[in-house]
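Asks: The structure is given below, and queries will be raised subsequently.
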Amino acid sequence: MARNISLMVVAAVLVCLLVAAPATAAVTCGQVAISVSGCLSYIRGQAPLTNTCCDGVRRLNIIAATTPDRQATCNCLKVFSGGMGNSLNPTLVSGLPARCGVRVPYPISTKTDCSKYVTF
C-alpha cells in the first residue's frame, strides 16, 4: 500500500514537471532565413512580389505553430532586418505578411518586442 502511494506521488511529480517544463522553440533562424530568402528583392524595392516569396512566408507561418516558435521567428526576422540596414523598405517589410495572405500578431520591425506577442 505504501509503495503504491509512493509510486503515485512520483508519477504526479513527473506529470507536474512535464506540464510546467518551459517550451522551447523548434524553429531555427536558418529555417526563417530560407523561408524568406525569396523575398529579399521585393523588400528591397528591387522587384515585384513573387509566388516564391509568398510560398516561403506561408510555409514559415505553418512551421511557426507554437508561441515559442512564433517568438523565435519574430526575433530572427528582427535580427535579419536590423542586419540589412537601410537596404530594406520598412513599408514593404511590414506589409509583406498581409500581401501574402498571412496574419501575424506583431509588426515586422526592428523595434518589435517579440516577447510581448505570445498568441496567434
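Going through the C-alpha cells in order, the chains are called A, B, and so on, while each chain numbers its residues from 1 and the ligands are numbered from 1 in the order shown.
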Fewer than 4 positions away in the same chain doesn't count, so skip those; otherwise give me all residues within 8 Å of range 48-52 of chain A, counting only C-alpha atoms, as an MDAnalysis selection string.
Replies: chainID A and resid 38:39 41:42 56
Asks: Near range 105-117 of chain A, within 10 Å and counting only C-alpha atoms, which residues show up once chain neighbours fewer than 2 positions away are dropped, as a ChimeraX atom specification?
Replies: /A:67-68,70-83,90-97,103,119-120
Asks: Could the residues in this selection be saved with N, CA and C atoms as a PDB file, in the first residue's frame?
Replies:
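In the end it all went to selection.pdb:
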ATOM      1  N   THR A  67       3.736  29.233 -29.562  1.00  0.00           N
ATOM      2  CA  THR A  67       4.158  30.545 -29.079  1.00  0.00           C
ATOM      3  C   THR A  67       5.677  30.683 -29.094  1.00  0.00           C
ATOM      4  N   PRO A  68       6.445  29.716 -28.566  1.00  0.00           N
ATOM      5  CA  PRO A  68       7.908  29.862 -28.637  1.00  0.00           C
ATOM      6  C   PRO A  68       8.421  29.925 -30.079  1.00  0.00           C
ATOM      7  N   ARG A  70       6.796  31.155 -32.677  1.00  0.00           N
ATOM      8  CA  ARG A  70       6.455  32.473 -33.219  1.00  0.00           C
ATOM      9  C   ARG A  70       7.361  33.555 -32.632  1.00  0.00           C
ATOM     10  N   GLN A  71       7.683  33.438 -31.350  1.00  0.00           N
ATOM     11  CA  GLN A  71       8.599  34.403 -30.743  1.00  0.00           C
ATOM     12  C   GLN A  71      10.001  34.266 -31.342  1.00  0.00           C
ATOM     13  N   ALA A  72      10.447  33.038 -31.557  1.00  0.00           N
ATOM     14  CA  ALA A  72      11.764  32.823 -32.163  1.00  0.00           C
ATOM     15  C   ALA A  72      11.781  33.369 -33.588  1.00  0.00           C
ATOM     16  N   THR A  73      10.717  33.127 -34.337  1.00  0.00           N
ATOM     17  CA  THR A  73      10.613  33.639 -35.703  1.00  0.00           C
ATOM     18  C   THR A  73      10.646  35.161 -35.689  1.00  0.00           C
ATOM     19  N   CYS A  74       9.897  35.760 -34.802  1.00  0.00           N
ATOM     20  CA  CYS A  74       9.873  37.214 -34.660  1.00  0.00           C
ATOM     21  C   CYS A  74      11.285  37.739 -34.390  1.00  0.00           C
ATOM     22  N   ASN A  75      11.994  37.112 -33.459  1.00  0.00           N
ATOM     23  CA  ASN A  75      13.353  37.548 -33.129  1.00  0.00           C
ATOM     24  C   ASN A  75      14.297  37.391 -34.315  1.00  0.00           C
ATOM     25  N   CYS A  76      14.183  36.293 -35.038  1.00  0.00           N
ATOM     26  CA  CYS A  76      15.029  36.086 -36.212  1.00  0.00           C
ATOM     27  C   CYS A  76      14.761  37.156 -37.265  1.00  0.00           C
ATOM     28  N   LEU A  77      13.494  37.425 -37.534  1.00  0.00           N
ATOM     29  CA  LEU A  77      13.151  38.451 -38.516  1.00  0.00           C
ATOM     30  C   LEU A  77      13.670  39.818 -38.082  1.00  0.00           C
ATOM     31  N   LYS A  78      13.589  40.070 -36.805  1.00  0.00           N
ATOM     32  CA  LYS A  78      14.062  41.341 -36.264  1.00  0.00           C
ATOM     33  C   LYS A  78      15.578  41.474 -36.452  1.00  0.00           C
ATOM     34  N   VAL A  79      16.302  40.417 -36.164  1.00  0.00           N
ATOM     35  CA  VAL A  79      17.755  40.430 -36.331  1.00  0.00           C
ATOM     36  C   VAL A  79      18.122  40.584 -37.803  1.00  0.00           C
ATOM     37  N   PHE A  80      17.446  39.816 -38.663  1.00  0.00           N
ATOM     38  CA  PHE A  80      17.738  39.892 -40.098  1.00  0.00           C
ATOM     39  C   PHE A  80      17.491  41.291 -40.637  1.00  0.00           C
ATOM     40  N   SER A  81      16.342  41.869 -40.285  1.00  0.00           N
ATOM     41  CA  SER A  81      16.024  43.188 -40.819  1.00  0.00           C
ATOM     42  C   SER A  81      16.973  44.243 -40.268  1.00  0.00           C
ATOM     43  N   GLY A  82      17.386  44.099 -39.024  1.00  0.00           N
ATOM     44  CA  GLY A  82      18.354  45.033 -38.450  1.00  0.00           C
ATOM     45  C   GLY A  82      19.720  44.913 -39.098  1.00  0.00           C
ATOM     46  N   GLY A  83      20.093  43.695 -39.472  1.00  0.00           N
ATOM     47  CA  GLY A  83      21.390  43.460 -40.093  1.00  0.00           C
ATOM     48  C   GLY A  83      21.475  43.931 -41.531  1.00  0.00           C
ATOM     49  N   PRO A  90      11.042  49.643 -45.149  1.00  0.00           N
ATOM     50  CA  PRO A  90      10.249  49.263 -43.976  1.00  0.00           C
ATOM     51  C   PRO A  90       8.769  49.057 -44.277  1.00  0.00           C
ATOM     52  N   THR A  91       8.223  49.809 -45.192  1.00  0.00           N
ATOM     53  CA  THR A  91       6.806  49.669 -45.546  1.00  0.00           C
ATOM     54  C   THR A  91       6.561  48.329 -46.229  1.00  0.00           C
ATOM     55  N   LEU A  92       7.452  47.950 -47.141  1.00  0.00           N
ATOM     56  CA  LEU A  92       7.305  46.658 -47.819  1.00  0.00           C
ATOM     57  C   LEU A  92       7.508  45.506 -46.837  1.00  0.00           C
ATOM     58  N   VAL A  93       8.468  45.655 -45.930  1.00  0.00           N
ATOM     59  CA  VAL A  93       8.733  44.612 -44.929  1.00  0.00           C
ATOM     60  C   VAL A  93       7.509  44.414 -44.044  1.00  0.00           C
ATOM     61  N   SER A  94       6.988  45.492 -43.483  1.00  0.00           N
ATOM     62  CA  SER A  94       5.866  45.353 -42.546  1.00  0.00           C
ATOM     63  C   SER A  94       4.593  44.868 -43.227  1.00  0.00           C
ATOM     64  N   GLY A  95       4.430  45.182 -44.503  1.00  0.00           N
ATOM     65  CA  GLY A  95       3.229  44.763 -45.221  1.00  0.00           C
ATOM     66  C   GLY A  95       3.311  43.400 -45.880  1.00  0.00           C
ATOM     67  N   LEU A  96       4.494  42.792 -45.845  1.00  0.00           N
ATOM     68  CA  LEU A  96       4.690  41.517 -46.548  1.00  0.00           C
ATOM     69  C   LEU A  96       3.729  40.411 -46.114  1.00  0.00           C
ATOM     70  N   PRO A  97       3.572  40.145 -44.813  1.00  0.00           N
ATOM     71  CA  PRO A  97       2.658  39.056 -44.442  1.00  0.00           C
ATOM     72  C   PRO A  97       1.253  39.238 -45.025  1.00  0.00           C
ATOM     73  N   ARG A 103      -1.592  36.355 -41.567  1.00  0.00           N
ATOM     74  CA  ARG A 103      -1.782  37.283 -40.450  1.00  0.00           C
ATOM     75  C   ARG A 103      -0.774  36.952 -39.353  1.00  0.00           C
ATOM     76  N   THR A 119       0.551  34.881 -28.437  1.00  0.00           N
ATOM     77  CA  THR A 119      -0.502  34.062 -29.023  1.00  0.00           C
ATOM     78  C   THR A 119      -0.714  34.458 -30.469  1.00  0.00           C
ATOM     79  N   PHE A 120      -1.430  33.652 -31.158  1.00  0.00           N
ATOM     80  CA  PHE A 120      -1.716  33.950 -32.558  1.00  0.00           C
ATOM     81  C   PHE A 120      -3.180  33.916 -32.795  1.00  0.00           C
TER      82      PHE A 120
END
Asks: Could you list, as an mmCIF file with all heavy atoms, in the first residue's frame, every residue within 8 Å of Arg44 in chain A, counting only C-alpha atoms and ignoring same-chain residues fewer than 4 positions away?
Replies:
data_model
loop_
_atom_site.group_PDB
_atom_site.id
_atom_site.type_symbol
_atom_site.label_atom_id
_atom_site.label_comp_id
_atom_site.auth_asym_id
_atom_site.auth_seq_id
_atom_site.Cartn_x
_atom_site.Cartn_y
_atom_site.Cartn_z
ATOM 1 N N LEU A 40 13.792 38.818 -50.646
ATOM 2 C CA LEU A 40 14.773 39.890 -50.488
ATOM 3 C C LEU A 40 14.666 40.973 -51.550
ATOM 4 O O LEU A 40 14.704 42.164 -51.223
ATOM 5 C CB LEU A 40 16.190 39.316 -50.443
ATOM 6 C CG LEU A 40 16.512 38.511 -49.180
ATOM 7 C CD1 LEU A 40 17.918 37.949 -49.247
ATOM 8 C CD2 LEU A 40 16.328 39.363 -47.937
ATOM 9 N N SER A 87 18.979 48.987 -46.507
ATOM 10 C CA SER A 87 18.662 48.409 -47.822
ATOM 11 C C SER A 87 17.232 47.910 -47.917
ATOM 12 O O SER A 87 16.750 47.609 -48.997
ATOM 13 C CB SER A 87 19.634 47.275 -48.157
ATOM 14 O OG SER A 87 19.413 46.168 -47.310
ATOM 15 N N LEU A 88 16.532 47.809 -46.784
ATOM 16 C CA LEU A 88 15.152 47.319 -46.791
ATOM 17 C C LEU A 88 14.173 48.482 -46.755
ATOM 18 O O LEU A 88 14.399 49.489 -46.101
ATOM 19 C CB LEU A 88 14.897 46.415 -45.586
ATOM 20 C CG LEU A 88 15.748 45.157 -45.484
ATOM 21 C CD1 LEU A 88 15.353 44.367 -44.243
ATOM 22 C CD2 LEU A 88 15.614 44.309 -46.717
ATOM 23 N N ASN A 89 13.056 48.299 -47.430
ATOM 24 C CA ASN A 89 11.977 49.268 -47.406
ATOM 25 C C ASN A 89 11.043 48.871 -46.252
ATOM 26 O O ASN A 89 10.351 47.856 -46.335
ATOM 27 C CB ASN A 89 11.233 49.237 -48.738
ATOM 28 C CG ASN A 89 10.078 50.198 -48.792
ATOM 29 O OD1 ASN A 89 9.358 50.388 -47.824
ATOM 30 N ND2 ASN A 89 9.881 50.790 -49.954
ATOM 31 N N LEU A 92 7.452 47.950 -47.141
ATOM 32 C CA LEU A 92 7.305 46.658 -47.819
ATOM 33 C C LEU A 92 7.508 45.506 -46.837
ATOM 34 O O LEU A 92 6.794 44.503 -46.892
ATOM 35 C CB LEU A 92 8.299 46.546 -48.978
ATOM 36 C CG LEU A 92 8.094 47.519 -50.133
ATOM 37 C CD1 LEU A 92 9.199 47.348 -51.171
ATOM 38 C CD2 LEU A 92 6.726 47.345 -50.766
#
Asks: Please provide the set of residues having any atom within 7 Å of range 58-62 of chain A, restricted to only C-alpha atoms, with same-chain residues fewer than 3 positions apart removed, written as a compact mmCIF listing (two decimals) with N, CA and C atoms, in the first residue's frame.
Replies:
# COMPACT_ATOMS: atom_id res chain seq x y z
N VAL A 32 14.04 30.23 -40.89
CA VAL A 32 13.42 31.52 -41.16
C VAL A 32 14.09 32.16 -42.37
N SER A 35 13.14 30.45 -45.56
CA SER A 35 11.74 30.71 -45.90
C SER A 35 11.54 32.08 -46.52
N CYS A 54 5.90 34.54 -51.35
CA CYS A 54 4.69 34.26 -50.55
C CYS A 54 4.61 32.79 -50.13
N ASP A 55 5.07 31.88 -50.96
CA ASP A 55 5.10 30.47 -50.56
C ASP A 55 5.99 30.30 -49.33
N ALA A 65 4.27 27.21 -35.35
CA ALA A 65 2.92 26.93 -34.86
C ALA A 65 2.72 27.22 -33.37
N VAL A 102 -1.13 36.25 -45.04
CA VAL A 102 -0.78 35.68 -43.73
C VAL A 102 -0.97 36.75 -42.67
Asks: Using DSSP secondary structure from the backbone, list all helix (DSSP H, G or I) positions within range 16-118 of chain A, as a PyMOL selection string.
Replies: chain A and resi 16-20+29-43+51-63+67-83+85-87+90-99+114-116
Asks: What's the separation between CA of Gly85 in chain A and CA of Gly101 in chain A, in Å to one decimal place?
Replies: 26.1 Å
